[in-house]
$ cat input_7.cif   # mmCIF, C-alpha atoms; chains and numbers go by the auth columns
data_run
loop_
_atom_site.group_PDB
_atom_site.id
_atom_site.type_symbol
_atom_site.label_atom_id
_atom_site.label_comp_id
_atom_site.label_asym_id
_atom_site.label_seq_id
_atom_site.Cartn_x
_atom_site.Cartn_y
_atom_site.Cartn_z
_atom_site.B_iso_or_equiv
_atom_site.auth_seq_id
_atom_site.auth_asym_id
ATOM 1 C CA MET A 1 98.129 123.302 79.943 0.00 2 A
ATOM 2 C CA LYS A 2 95.797 125.820 78.352 0.00 3 A
ATOM 3 C CA VAL A 3 92.078 125.370 77.620 0.00 4 A
ATOM 4 C CA ILE A 4 90.175 128.014 75.698 0.00 5 A
ATOM 5 C CA GLY A 5 86.448 128.360 75.320 0.00 6 A
ATOM 6 C CA ILE A 6 84.775 129.764 72.218 0.00 7 A
ATOM 7 C CA LEU A 7 81.295 130.941 73.209 0.00 8 A
ATOM 8 C CA GLY A 8 78.879 131.367 70.321 0.00 9 A
ATOM 9 C CA SER A 9 76.155 132.881 72.498 0.00 10 A
ATOM 10 C CA ALA A 10 75.501 136.553 73.105 0.00 11 A
ATOM 11 C CA ARG A 11 74.743 135.805 76.765 0.00 12 A
ATOM 12 C CA ASP A 12 77.822 135.875 78.990 0.00 13 A
ATOM 13 C CA GLU A 13 75.995 134.104 81.798 0.00 14 A
ATOM 14 C CA GLY A 14 73.402 132.135 79.847 0.00 15 A
ATOM 15 C CA SER A 15 72.888 128.377 79.741 0.00 16 A
ATOM 16 C CA THR A 16 75.585 127.710 77.151 0.00 17 A
ATOM 17 C CA SER A 17 78.136 129.763 79.073 0.00 18 A
ATOM 18 C CA ARG A 18 77.315 128.030 82.360 0.00 19 A
ATOM 19 C CA LEU A 19 77.608 124.588 80.807 0.00 20 A
ATOM 20 C CA MET A 20 80.940 125.528 79.200 0.00 21 A
ATOM 21 C CA LYS A 21 82.233 126.730 82.580 0.00 22 A
ATOM 22 C CA GLU A 22 81.199 123.430 84.111 0.00 23 A
ATOM 23 C CA MET A 23 83.069 121.525 81.389 0.00 24 A
ATOM 24 C CA MET A 24 86.187 123.650 81.878 0.00 25 A
ATOM 25 C CA LYS A 25 86.091 123.450 85.688 0.00 26 A
ATOM 26 C CA PRO A 26 88.075 120.158 85.973 0.00 27 A
ATOM 27 C CA ALA A 27 90.904 121.688 83.918 0.00 28 A
ATOM 28 C CA GLU A 28 90.998 124.737 86.205 0.00 29 A
ATOM 29 C CA GLU A 29 90.979 122.539 89.302 0.00 30 A
ATOM 30 C CA MET A 30 93.975 120.650 87.913 0.00 31 A
ATOM 31 C CA GLY A 31 95.912 123.902 87.390 0.00 32 A
ATOM 32 C CA ALA A 32 95.243 124.554 83.706 0.00 33 A
ATOM 33 C CA GLU A 33 94.977 128.087 82.412 0.00 34 A
ATOM 34 C CA THR A 34 91.469 128.662 81.060 0.00 35 A
ATOM 35 C CA LYS A 35 89.897 131.535 79.188 0.00 36 A
ATOM 36 C CA THR A 36 86.589 131.921 77.381 0.00 37 A
ATOM 37 C CA TYR A 37 86.001 134.274 74.472 0.00 38 A
ATOM 38 C CA ASN A 38 82.473 135.500 73.804 0.00 39 A
ATOM 39 C CA LEU A 39 82.281 135.915 70.033 0.00 40 A
ATOM 40 C CA ALA A 40 79.340 138.322 70.312 0.00 41 A
ATOM 41 C CA LYS A 41 81.533 140.735 72.279 0.00 42 A
ATOM 42 C CA MET A 42 84.363 140.635 69.771 0.00 43 A
ATOM 43 C CA ASN A 43 84.880 142.482 66.511 0.00 44 A
ATOM 44 C CA ILE A 44 84.952 139.580 64.042 0.00 45 A
ATOM 45 C CA GLY A 45 83.848 140.225 60.495 0.00 46 A
ATOM 46 C CA ALA A 46 82.833 137.717 57.864 0.00 47 A
ATOM 47 C CA CYS A 47 85.379 135.932 55.685 0.00 48 A
ATOM 48 C CA PHE A 48 85.983 137.790 52.428 0.00 49 A
ATOM 49 C CA GLY A 49 86.657 134.517 50.600 0.00 50 A
ATOM 50 C CA CYS A 50 89.624 136.221 48.965 0.00 51 A
ATOM 51 C CA GLU A 51 92.055 133.378 49.809 0.00 52 A
ATOM 52 C CA ALA A 52 94.840 135.878 50.475 0.00 53 A
ATOM 53 C CA CYS A 53 95.593 133.828 53.586 0.00 54 A
ATOM 54 C CA ARG A 54 96.670 130.983 51.311 0.00 55 A
ATOM 55 C CA LYS A 55 99.402 133.201 49.837 0.00 56 A
ATOM 56 C CA THR A 56 100.442 135.242 52.887 0.00 57 A
ATOM 57 C CA GLY A 57 99.731 132.848 55.765 0.00 58 A
ATOM 58 C CA SER A 58 97.548 135.445 57.457 0.00 59 A
ATOM 59 C CA CYS A 59 94.026 136.786 57.104 0.00 60 A
ATOM 60 C CA VAL A 60 93.870 140.258 55.546 0.00 61 A
ATOM 61 C CA ARG A 61 91.062 141.356 57.870 0.00 62 A
ATOM 62 C CA LYS A 62 92.488 143.183 60.846 0.00 63 A
ATOM 63 C CA ASP A 63 90.044 142.434 63.609 0.00 64 A
ATOM 64 C CA ASP A 64 89.763 140.406 66.805 0.00 65 A
ATOM 65 C CA MET A 65 89.968 137.081 64.991 0.00 66 A
ATOM 66 C CA HIS A 66 93.753 137.466 65.074 0.00 67 A
ATOM 67 C CA ILE A 67 93.563 137.147 68.882 0.00 68 A
ATOM 68 C CA LEU A 68 91.764 133.847 68.435 0.00 69 A
ATOM 69 C CA TYR A 69 94.208 132.592 65.802 0.00 70 A
ATOM 70 C CA ASP A 70 97.008 132.916 68.364 0.00 71 A
ATOM 71 C CA GLU A 71 94.910 131.376 71.138 0.00 72 A
ATOM 72 C CA LEU A 72 93.895 128.419 68.977 0.00 73 A
ATOM 73 C CA LYS A 73 97.531 127.765 68.067 0.00 74 A
ATOM 74 C CA ASN A 74 98.647 127.881 71.720 0.00 75 A
ATOM 75 C CA ALA A 75 95.763 126.003 73.352 0.00 76 A
ATOM 76 C CA ASP A 76 95.993 122.368 74.348 0.00 77 A
ATOM 77 C CA ALA A 77 92.209 121.987 74.353 0.00 78 A
ATOM 78 C CA ILE A 78 89.263 123.887 72.906 0.00 79 A
ATOM 79 C CA VAL A 79 85.674 123.995 74.128 0.00 80 A
ATOM 80 C CA ILE A 80 83.139 125.281 71.627 0.00 81 A
ATOM 81 C CA GLY A 81 79.672 126.184 72.828 0.00 82 A
ATOM 82 C CA THR A 82 76.581 127.350 71.019 0.00 83 A
ATOM 83 C CA PRO A 83 72.886 127.575 71.604 0.00 84 A
ATOM 84 C CA ILE A 84 70.784 126.319 68.728 0.00 85 A
ATOM 85 C CA TYR A 85 68.880 129.032 66.882 0.00 86 A
ATOM 86 C CA MET A 86 66.492 127.955 64.145 0.00 87 A
ATOM 87 C CA GLY A 87 67.927 124.430 64.176 0.00 88 A
ATOM 88 C CA GLU A 88 71.553 125.513 63.718 0.00 89 A
ATOM 89 C CA MET A 89 74.592 126.977 65.492 0.00 90 A
ATOM 90 C CA THR A 90 74.552 130.743 65.995 0.00 91 A
ATOM 91 C CA GLY A 91 75.711 133.151 63.323 0.00 92 A
ATOM 92 C CA GLN A 92 78.576 134.261 65.571 0.00 93 A
ATOM 93 C CA LEU A 93 79.948 130.727 65.727 0.00 94 A
ATOM 94 C CA LYS A 94 79.480 130.155 62.003 0.00 95 A
ATOM 95 C CA THR A 95 81.411 133.365 61.248 0.00 96 A
ATOM 96 C CA PHE A 96 84.217 132.213 63.569 0.00 97 A
ATOM 97 C CA ILE A 97 84.349 128.839 61.808 0.00 98 A
ATOM 98 C CA ASP A 98 84.415 130.502 58.377 0.00 99 A
ATOM 99 C CA ARG A 99 87.326 132.664 59.510 0.00 100 A
ATOM 100 C CA CYS A 100 89.240 129.558 60.631 0.00 101 A
ATOM 101 C CA PHE A 101 89.783 129.042 56.883 0.00 102 A
ATOM 102 C CA ALA A 102 92.950 131.111 57.393 0.00 103 A
ATOM 103 C CA LEU A 103 94.330 128.353 59.624 0.00 104 A
ATOM 104 C CA LYS A 104 95.141 126.157 56.631 0.00 105 A
ATOM 105 C CA ASP A 105 97.995 126.590 54.190 0.00 106 A
ATOM 106 C CA ALA A 106 97.829 126.630 50.390 0.00 107 A
ATOM 107 C CA GLU A 107 97.696 122.824 50.298 0.00 108 A
ATOM 108 C CA ARG A 108 94.885 122.824 52.897 0.00 109 A
ATOM 109 C CA ASN A 109 97.161 121.526 55.677 0.00 110 A
ATOM 110 C CA SER A 110 96.333 122.695 59.177 0.00 111 A
ATOM 111 C CA LEU A 111 98.448 125.434 60.696 0.00 112 A
ATOM 112 C CA LEU A 112 97.350 124.289 64.162 0.00 113 A
ATOM 113 C CA PRO A 113 99.500 121.765 65.982 0.00 114 A
ATOM 114 C CA ALA A 114 97.703 118.400 65.837 0.00 115 A
ATOM 115 C CA GLY A 115 96.358 116.680 68.931 0.00 116 A
ATOM 116 C CA LYS A 116 94.332 119.453 70.538 0.00 117 A
ATOM 117 C CA LYS A 117 91.334 118.061 72.390 0.00 118 A
ATOM 118 C CA LEU A 118 87.894 119.372 71.475 0.00 119 A
ATOM 119 C CA GLY A 119 84.817 119.547 73.688 0.00 120 A
ATOM 120 C CA ILE A 120 81.421 120.741 72.458 0.00 121 A
ATOM 121 C CA VAL A 121 78.495 122.256 74.363 0.00 122 A
ATOM 122 C CA ILE A 122 75.062 122.566 72.763 0.00 123 A
ATOM 123 C CA THR A 123 71.953 124.075 74.373 0.00 124 A
ATOM 124 C CA GLN A 124 68.495 124.759 73.064 0.00 125 A
ATOM 125 C CA GLY A 125 65.119 125.784 74.388 0.00 126 A
ATOM 126 C CA ALA A 126 63.141 123.417 72.179 0.00 127 A
ATOM 127 C CA PRO A 127 62.506 119.931 73.611 0.00 128 A
ATOM 128 C CA MET A 128 63.385 118.091 70.386 0.00 129 A
ATOM 129 C CA PRO A 129 67.001 116.819 70.370 0.00 130 A
ATOM 130 C CA GLU A 130 66.800 116.196 66.613 0.00 131 A
ATOM 131 C CA HIS A 131 66.968 119.979 66.177 0.00 132 A
ATOM 132 C CA TYR A 132 70.625 120.005 67.225 0.00 133 A
ATOM 133 C CA ALA A 133 71.692 116.532 66.091 0.00 134 A
ATOM 134 C CA LYS A 134 73.792 117.668 63.126 0.00 135 A
ATOM 135 C CA SER A 135 75.537 120.648 64.771 0.00 136 A
ATOM 136 C CA PRO A 136 77.991 118.673 66.956 0.00 137 A
ATOM 137 C CA GLU A 137 78.818 116.413 64.004 0.00 138 A
ATOM 138 C CA ARG A 138 79.611 119.417 61.798 0.00 139 A
ATOM 139 C CA ILE A 139 81.733 121.108 64.452 0.00 140 A
ATOM 140 C CA GLU A 140 83.670 117.886 65.113 0.00 141 A
ATOM 141 C CA TYR A 141 84.190 117.259 61.388 0.00 142 A
ATOM 142 C CA ILE A 142 85.509 120.770 60.783 0.00 143 A
ATOM 143 C CA PHE A 143 87.933 120.737 63.701 0.00 144 A
ATOM 144 C CA GLN A 144 89.139 117.204 62.999 0.00 145 A
ATOM 145 C CA GLY A 145 90.366 118.752 59.754 0.00 146 A
ATOM 146 C CA TYR A 146 92.622 120.903 61.939 0.00 147 A
ATOM 147 C CA GLY A 147 93.962 117.876 63.798 0.00 148 A
ATOM 148 C CA CYS A 148 91.696 118.204 66.844 0.00 149 A
ATOM 149 C CA ILE A 149 90.575 115.130 68.761 0.00 150 A
ATOM 150 C CA PRO A 150 86.896 115.205 69.801 0.00 151 A
ATOM 151 C CA THR A 151 86.299 114.238 73.436 0.00 152 A
ATOM 152 C CA GLY A 152 82.526 114.467 73.276 0.00 153 A
ATOM 153 C CA CYS A 153 79.545 116.740 73.401 0.00 154 A
ATOM 154 C CA VAL A 154 77.202 117.671 76.201 0.00 155 A
ATOM 155 C CA THR A 155 73.744 118.781 75.151 0.00 156 A
ATOM 156 C CA ALA A 156 70.877 120.295 77.088 0.00 157 A
ATOM 157 C CA VAL A 157 67.397 120.612 75.587 0.00 158 A
ATOM 158 C CA SER A 158 64.272 122.330 76.930 0.00 159 A
ATOM 159 C CA VAL A 159 66.544 124.840 78.650 0.00 160 A
ATOM 160 C CA HIS A 160 64.848 128.187 78.996 0.00 161 A
ATOM 161 C CA ASN A 161 67.037 129.650 81.704 0.00 162 A
ATOM 162 C CA LYS A 162 70.288 128.799 83.418 0.00 163 A
ATOM 163 C CA GLU A 163 68.615 128.114 86.776 0.00 164 A
ATOM 164 C CA GLU A 164 66.850 125.098 85.235 0.00 165 A
ATOM 165 C CA LEU A 165 70.126 123.883 83.809 0.00 166 A
ATOM 166 C CA LEU A 166 72.072 124.295 87.055 0.00 167 A
ATOM 167 C CA LYS A 167 69.523 122.047 88.807 0.00 168 A
ATOM 168 C CA ASP A 168 70.008 119.246 86.258 0.00 169 A
ATOM 169 C CA GLU A 169 72.759 117.295 87.995 0.00 170 A
ATOM 170 C CA VAL A 170 72.875 114.639 85.236 0.00 171 A
ATOM 171 C CA ILE A 171 73.782 117.240 82.584 0.00 172 A
ATOM 172 C CA MET A 172 76.180 119.083 84.884 0.00 173 A
ATOM 173 C CA GLU A 173 77.978 115.842 85.790 0.00 174 A
ATOM 174 C CA LYS A 174 78.254 114.883 82.119 0.00 175 A
ATOM 175 C CA ALA A 175 79.871 118.276 81.441 0.00 176 A
ATOM 176 C CA ARG A 176 82.377 117.721 84.260 0.00 177 A
ATOM 177 C CA GLU A 177 83.174 114.182 83.053 0.00 178 A
ATOM 178 C CA LEU A 178 83.775 115.396 79.504 0.00 179 A
ATOM 179 C CA GLY A 179 85.874 118.216 80.916 0.00 180 A
ATOM 180 C CA LYS A 180 88.174 115.699 82.597 0.00 181 A
ATOM 181 C CA GLN A 181 88.876 114.236 79.178 0.00 182 A
ATOM 182 C CA LEU A 182 90.260 117.608 78.046 0.00 183 A
ATOM 183 C CA ILE A 183 93.211 117.180 80.392 0.00 184 A
#

$ encode --input "input_7.cif" --output "structure tokens"
Amino acid sequence: MKVIGILGSARDEGSTSRLMKEMMKPAEEMGAETKTYNLAKMNIGACFGCEACRKTGSCVRKDDMHILYDELKNADAIVIGTPIYMGEMTGQLKTFIDRCFALKDAERNSLLPAGKKLGIVITQGAPMPEHYAKSPERIEYIFQGYGCIPTGCVTAVSVHNKEELLKDEVIMEKARELGKQLI
């Protein structure tokens, strides 16, 4: 079993990253291979919108997204994490999602094997949960179009540093419980 994490935060050890690790921990403990990719540390350019991928089956941009295409195809489960900036997912995650356009054929059928489980992690500093309410729904909707099965979302609000988050046993336990559903 293979679980990959797609981190839409620039902070390798920030709140979103820590919560993703907690969600992926049950898979690791059960022997699954896990790996997290920090989108901010990768060379991933914006989608050209050229639709060449519809004709050739591959994106014409030659950058690190091709690593993720292979990982997404081979993973059994995917964890997507993002902090909320200005009421929305980060630009890094949005660019990644736009580039996933190349994972559909000319008839808009998914090139990913169906049945991959999907976990979502959302963090934000603001105390208002309504600021992130639509982001998990959008992420789930998009990846259901690729045949993924949502297992749930763990959210943490009013998080200003990871130490605060690590002390919140309710949130950490929810992440672990959702992580068990990835297996």

$ resolve_selection --input "input_7.cif" --expression "the PyMOL selection byres ((chain A and resi 67-75) around 12)" --output "count of residues only"
54

$ resolve_selection --input "input_7.cif" --expression "the PyMOL selection byres ((chain A and resi 125) around 9)" --output "list in words"
Ser16, Thr17, Thr83, Pro84, Ile85, Tyr86, Gly88, Ile123, Thr124, Gly126, Ala127, Pro128, Met129, Pro130, His132, Tyr133, Thr156, Ala157, Val158, Ser159, Val160 and His161 of chain A

$ write_last_selection --input "input_7.cif" --atoms "C-alpha atoms" --output "mmCIF file, keeping the file's coordinate frame"
data_model
loop_
_atom_site.group_PDB
_atom_site.id
_atom_site.type_symbol
_atom_site.label_atom_id
_atom_site.label_comp_id
_atom_site.auth_asym_id
_atom_site.auth_seq_id
_atom_site.Cartn_x
_atom_site.Cartn_y
_atom_site.Cartn_z
ATOM 1 C CA SER A 16 72.888 128.377 79.741
ATOM 2 C CA THR A 17 75.585 127.710 77.151
ATOM 3 C CA THR A 83 76.581 127.350 71.019
ATOM 4 C CA PRO A 84 72.886 127.575 71.604
ATOM 5 C CA ILE A 85 70.784 126.319 68.728
ATOM 6 C CA TYR A 86 68.880 129.032 66.882
ATOM 7 C CA GLY A 88 67.927 124.430 64.176
ATOM 8 C CA ILE A 123 75.062 122.566 72.763
ATOM 9 C CA THR A 124 71.953 124.075 74.373
ATOM 10 C CA GLY A 126 65.119 125.784 74.388
ATOM 11 C CA ALA A 127 63.141 123.417 72.179
ATOM 12 C CA PRO A 128 62.506 119.931 73.611
ATOM 13 C CA MET A 129 63.385 118.091 70.386
ATOM 14 C CA PRO A 130 67.001 116.819 70.370
ATOM 15 C CA HIS A 132 66.968 119.979 66.177
ATOM 16 C CA TYR A 133 70.625 120.005 67.225
ATOM 17 C CA THR A 156 73.744 118.781 75.151
ATOM 18 C CA ALA A 157 70.877 120.295 77.088
ATOM 19 C CA VAL A 158 67.397 120.612 75.587
ATOM 20 C CA SER A 159 64.272 122.330 76.930
ATOM 21 C CA VAL A 160 66.544 124.840 78.650
ATOM 22 C CA HIS A 161 64.848 128.187 78.996
#

$ closest_residue --input "input_7.cif" --among "A:Ala11, A:Glu178, A:Ile121, A:Val155" --to "Tyr142 of chain A" --atoms "all atoms listed in the file"
A:Ile121

$ resolve_selection --input "input_7.cif" --expression "the PyMOL selection byres ((chain A and resi 48-51) around 8)" --output "VMD selection string"
chain A and resid 46 to 47 52 to 54 96 99 to 100

$ closest_residue --input "input_7.cif" --among "A:Pro27, A:Gly92, A:Gly15, A:Pro151" --to "Ile184 of chain A" --atoms "all atoms listed in the file"
A:Pro27

$ closest_residue --input "input_7.cif" --among "A:Gly82, A:Gly32, A:Leu20, A:Ala107" --to "Leu94 of chain A" --atoms "all atoms listed in the file"
A:Gly82

$ atom_distance --input "input_7.cif" --atom1 "atom CA of Leu179 of chain A" --atom2 "atom CA of Arg19 of chain A"
14.5 Å

$ residues_near_point --input "input_7.cif" --point "(76.9, 116.9, 79.2)" --cutoff "7 Å" --atoms "only C-alpha atoms" --output "PyMOL selection string"
chain A and resi 154-156+172-176

$ closest_residue --input "input_7.cif" --among "A:Thr152, A:Gln145, A:Ser136, A:Ser18" --to "Lys95 of chain A" --atoms "all atoms listed in the file"
A:Ser136

$ atom_distance --input "input_7.cif" --atom1 "atom CA of Leu166 of chain A" --atom2 "atom CA of Glu141 of chain A"
23.9 Å

$ closest_residue --input "input_7.cif" --among "A:Lys163, A:Val122, A:Pro137, A:Glu108" --to "Glu89 of chain A" --atoms "all atoms listed in the file"
A:Pro137

$ closest_residue --input "input_7.cif" --among "A:Met90, A:Met31, A:Ile150, A:Met24" --to "Gly9 of chain A" --atoms "only C-alpha atoms"
A:Met90

$ atom_distance --input "input_7.cif" --atom1 "atom CA of Ala33 of chain A" --atom2 "atom CA of Gly120 of chain A"
15.3 Å

$ axis_aligned_box --input "input_7.cif" --around "segment 139-158 of chain A" --padding-each-side "4 Å" --output "JSON"
{"center_x": 80.7, "center_y": 117.7, "center_z": 68.4, "size_x": 34.6, "size_y": 14.9, "size_z": 25.3}

$ decode --input "input_7.cif" --residues "segment 139-150 of chain A" --atoms "all heavy atoms" --output "PDB file, in the first residue's frame"
ATOM      1  N   ARG A 139     -14.659  21.619  -2.556  1.00  0.00           N
ATOM      2  CA  ARG A 139     -14.095  21.756  -3.908  1.00  0.00           C
ATOM      3  C   ARG A 139     -13.046  20.683  -4.178  1.00  0.00           C
ATOM      4  O   ARG A 139     -13.016  20.087  -5.254  1.00  0.00           O
ATOM      5  CB  ARG A 139     -13.506  23.152  -4.101  1.00  0.00           C
ATOM      6  CG  ARG A 139     -14.551  24.203  -4.382  1.00  0.00           C
ATOM      7  CD  ARG A 139     -13.922  25.493  -4.872  1.00  0.00           C
ATOM      8  NE  ARG A 139     -13.391  26.320  -3.821  1.00  0.00           N
ATOM      9  CZ  ARG A 139     -14.104  27.145  -3.051  1.00  0.00           C
ATOM     10  NH1 ARG A 139     -15.404  27.236  -3.216  1.00  0.00           N
ATOM     11  NH2 ARG A 139     -13.532  27.876  -2.136  1.00  0.00           N
ATOM     12  N   ILE A 140     -12.177  20.465  -3.205  1.00  0.00           N
ATOM     13  CA  ILE A 140     -11.123  19.454  -3.380  1.00  0.00           C
ATOM     14  C   ILE A 140     -11.757  18.072  -3.563  1.00  0.00           C
ATOM     15  O   ILE A 140     -11.372  17.318  -4.466  1.00  0.00           O
ATOM     16  CB  ILE A 140     -10.135  19.487  -2.205  1.00  0.00           C
ATOM     17  CG1 ILE A 140      -9.364  20.816  -2.205  1.00  0.00           C
ATOM     18  CG2 ILE A 140      -9.171  18.301  -2.277  1.00  0.00           C
ATOM     19  CD1 ILE A 140      -8.575  21.085  -0.932  1.00  0.00           C
ATOM     20  N   GLU A 141     -12.722  17.737  -2.719  1.00  0.00           N
ATOM     21  CA  GLU A 141     -13.410  16.443  -2.854  1.00  0.00           C
ATOM     22  C   GLU A 141     -14.076  16.306  -4.216  1.00  0.00           C
ATOM     23  O   GLU A 141     -13.954  15.280  -4.879  1.00  0.00           O
ATOM     24  CB  GLU A 141     -14.473  16.284  -1.763  1.00  0.00           C
ATOM     25  CG  GLU A 141     -13.925  15.912  -0.433  1.00  0.00           C
ATOM     26  CD  GLU A 141     -15.013  15.678   0.608  1.00  0.00           C
ATOM     27  OE1 GLU A 141     -16.228  15.800   0.281  1.00  0.00           O
ATOM     28  OE2 GLU A 141     -14.648  15.379   1.753  1.00  0.00           O
ATOM     29  N   TYR A 142     -14.794  17.335  -4.639  1.00  0.00           N
ATOM     30  CA  TYR A 142     -15.505  17.310  -5.919  1.00  0.00           C
ATOM     31  C   TYR A 142     -14.537  17.063  -7.079  1.00  0.00           C
ATOM     32  O   TYR A 142     -14.789  16.220  -7.944  1.00  0.00           O
ATOM     33  CB  TYR A 142     -16.261  18.628  -6.114  1.00  0.00           C
ATOM     34  CG  TYR A 142     -16.921  18.750  -7.464  1.00  0.00           C
ATOM     35  CD1 TYR A 142     -18.105  18.080  -7.738  1.00  0.00           C
ATOM     36  CD2 TYR A 142     -16.341  19.525  -8.460  1.00  0.00           C
ATOM     37  CE1 TYR A 142     -18.712  18.178  -8.979  1.00  0.00           C
ATOM     38  CE2 TYR A 142     -16.947  19.633  -9.710  1.00  0.00           C
ATOM     39  CZ  TYR A 142     -18.120  18.958  -9.963  1.00  0.00           C
ATOM     40  OH  TYR A 142     -18.706  19.053 -11.197  1.00  0.00           O
ATOM     41  N   ILE A 143     -13.437  17.783  -7.075  1.00  0.00           N
ATOM     42  CA  ILE A 143     -12.451  17.643  -8.154  1.00  0.00           C
ATOM     43  C   ILE A 143     -11.901  16.220  -8.189  1.00  0.00           C
ATOM     44  O   ILE A 143     -11.860  15.578  -9.241  1.00  0.00           O
ATOM     45  CB  ILE A 143     -11.319  18.678  -8.001  1.00  0.00           C
ATOM     46  CG1 ILE A 143     -11.859  20.083  -8.297  1.00  0.00           C
ATOM     47  CG2 ILE A 143     -10.130  18.338  -8.901  1.00  0.00           C
ATOM     48  CD1 ILE A 143     -10.969  21.210  -7.822  1.00  0.00           C
ATOM     49  N   PHE A 144     -11.493  15.702  -7.044  1.00  0.00           N
ATOM     50  CA  PHE A 144     -10.851  14.388  -7.041  1.00  0.00           C
ATOM     51  C   PHE A 144     -11.844  13.230  -7.150  1.00  0.00           C
ATOM     52  O   PHE A 144     -11.465  12.141  -7.579  1.00  0.00           O
ATOM     53  CB  PHE A 144      -9.900  14.261  -5.850  1.00  0.00           C
ATOM     54  CG  PHE A 144      -8.616  15.004  -6.113  1.00  0.00           C
ATOM     55  CD1 PHE A 144      -8.487  16.334  -5.745  1.00  0.00           C
ATOM     56  CD2 PHE A 144      -7.586  14.405  -6.794  1.00  0.00           C
ATOM     57  CE1 PHE A 144      -7.336  17.045  -6.029  1.00  0.00           C
ATOM     58  CE2 PHE A 144      -6.423  15.102  -7.095  1.00  0.00           C
ATOM     59  CZ  PHE A 144      -6.305  16.427  -6.708  1.00  0.00           C
ATOM     60  N   GLN A 145     -13.107  13.465  -6.843  1.00  0.00           N
ATOM     61  CA  GLN A 145     -14.115  12.446  -7.141  1.00  0.00           C
ATOM     62  C   GLN A 145     -14.228  12.270  -8.654  1.00  0.00           C
ATOM     63  O   GLN A 145     -14.505  11.174  -9.130  1.00  0.00           O
ATOM     64  CB  GLN A 145     -15.466  12.832  -6.539  1.00  0.00           C
ATOM     65  CG  GLN A 145     -15.531  12.568  -5.053  1.00  0.00           C
ATOM     66  CD  GLN A 145     -16.836  13.019  -4.440  1.00  0.00           C
ATOM     67  OE1 GLN A 145     -17.338  14.097  -4.735  1.00  0.00           O
ATOM     68  NE2 GLN A 145     -17.378  12.199  -3.568  1.00  0.00           N
ATOM     69  N   GLY A 146     -13.972  13.335  -9.389  1.00  0.00           N
ATOM     70  CA  GLY A 146     -13.964  13.264 -10.847  1.00  0.00           C
ATOM     71  C   GLY A 146     -12.830  12.398 -11.390  1.00  0.00           C
ATOM     72  O   GLY A 146     -12.835  12.023 -12.559  1.00  0.00           O
ATOM     73  N   TYR A 147     -11.861  12.096 -10.536  1.00  0.00           N
ATOM     74  CA  TYR A 147     -10.767  11.197 -10.905  1.00  0.00           C
ATOM     75  C   TYR A 147     -10.971   9.807 -10.304  1.00  0.00           C
ATOM     76  O   TYR A 147     -10.062   8.981 -10.322  1.00  0.00           O
ATOM     77  CB  TYR A 147      -9.422  11.769 -10.436  1.00  0.00           C
ATOM     78  CG  TYR A 147      -9.025  12.990 -11.223  1.00  0.00           C
ATOM     79  CD1 TYR A 147      -9.295  14.272 -10.751  1.00  0.00           C
ATOM     80  CD2 TYR A 147      -8.397  12.869 -12.459  1.00  0.00           C
ATOM     81  CE1 TYR A 147      -8.951  15.397 -11.485  1.00  0.00           C
ATOM     82  CE2 TYR A 147      -8.047  13.988 -13.198  1.00  0.00           C
ATOM     83  CZ  TYR A 147      -8.332  15.240 -12.704  1.00  0.00           C
ATOM     84  OH  TYR A 147      -7.990  16.346 -13.438  1.00  0.00           O
ATOM     85  N   GLY A 148     -12.141   9.570  -9.744  1.00  0.00           N
ATOM     86  CA  GLY A 148     -12.450   8.268  -9.171  1.00  0.00           C
ATOM     87  C   GLY A 148     -12.012   8.080  -7.735  1.00  0.00           C
ATOM     88  O   GLY A 148     -12.068   6.966  -7.208  1.00  0.00           O
ATOM     89  N   CYS A 149     -11.596   9.147  -7.063  1.00  0.00           N
ATOM     90  CA  CYS A 149     -11.175   9.052  -5.667  1.00  0.00           C
ATOM     91  C   CYS A 149     -12.392   8.978  -4.748  1.00  0.00           C
ATOM     92  O   CYS A 149     -13.453   9.517  -5.051  1.00  0.00           O
ATOM     93  CB  CYS A 149     -10.310  10.244  -5.278  1.00  0.00           C
ATOM     94  SG  CYS A 149      -8.723  10.300  -6.135  1.00  0.00           S
ATOM     95  N   ILE A 150     -12.191   8.330  -3.611  1.00  0.00           N
ATOM     96  CA  ILE A 150     -13.243   8.167  -2.614  1.00  0.00           C
ATOM     97  C   ILE A 150     -12.868   8.984  -1.382  1.00  0.00           C
ATOM     98  O   ILE A 150     -11.910   8.641  -0.677  1.00  0.00           O
ATOM     99  CB  ILE A 150     -13.403   6.684  -2.235  1.00  0.00           C
ATOM    100  CG1 ILE A 150     -13.721   5.852  -3.475  1.00  0.00           C
ATOM    101  CG2 ILE A 150     -14.452   6.514  -1.146  1.00  0.00           C
ATOM    102  CD1 ILE A 150     -13.552   4.366  -3.281  1.00  0.00           C
TER     103      ILE A 150
END
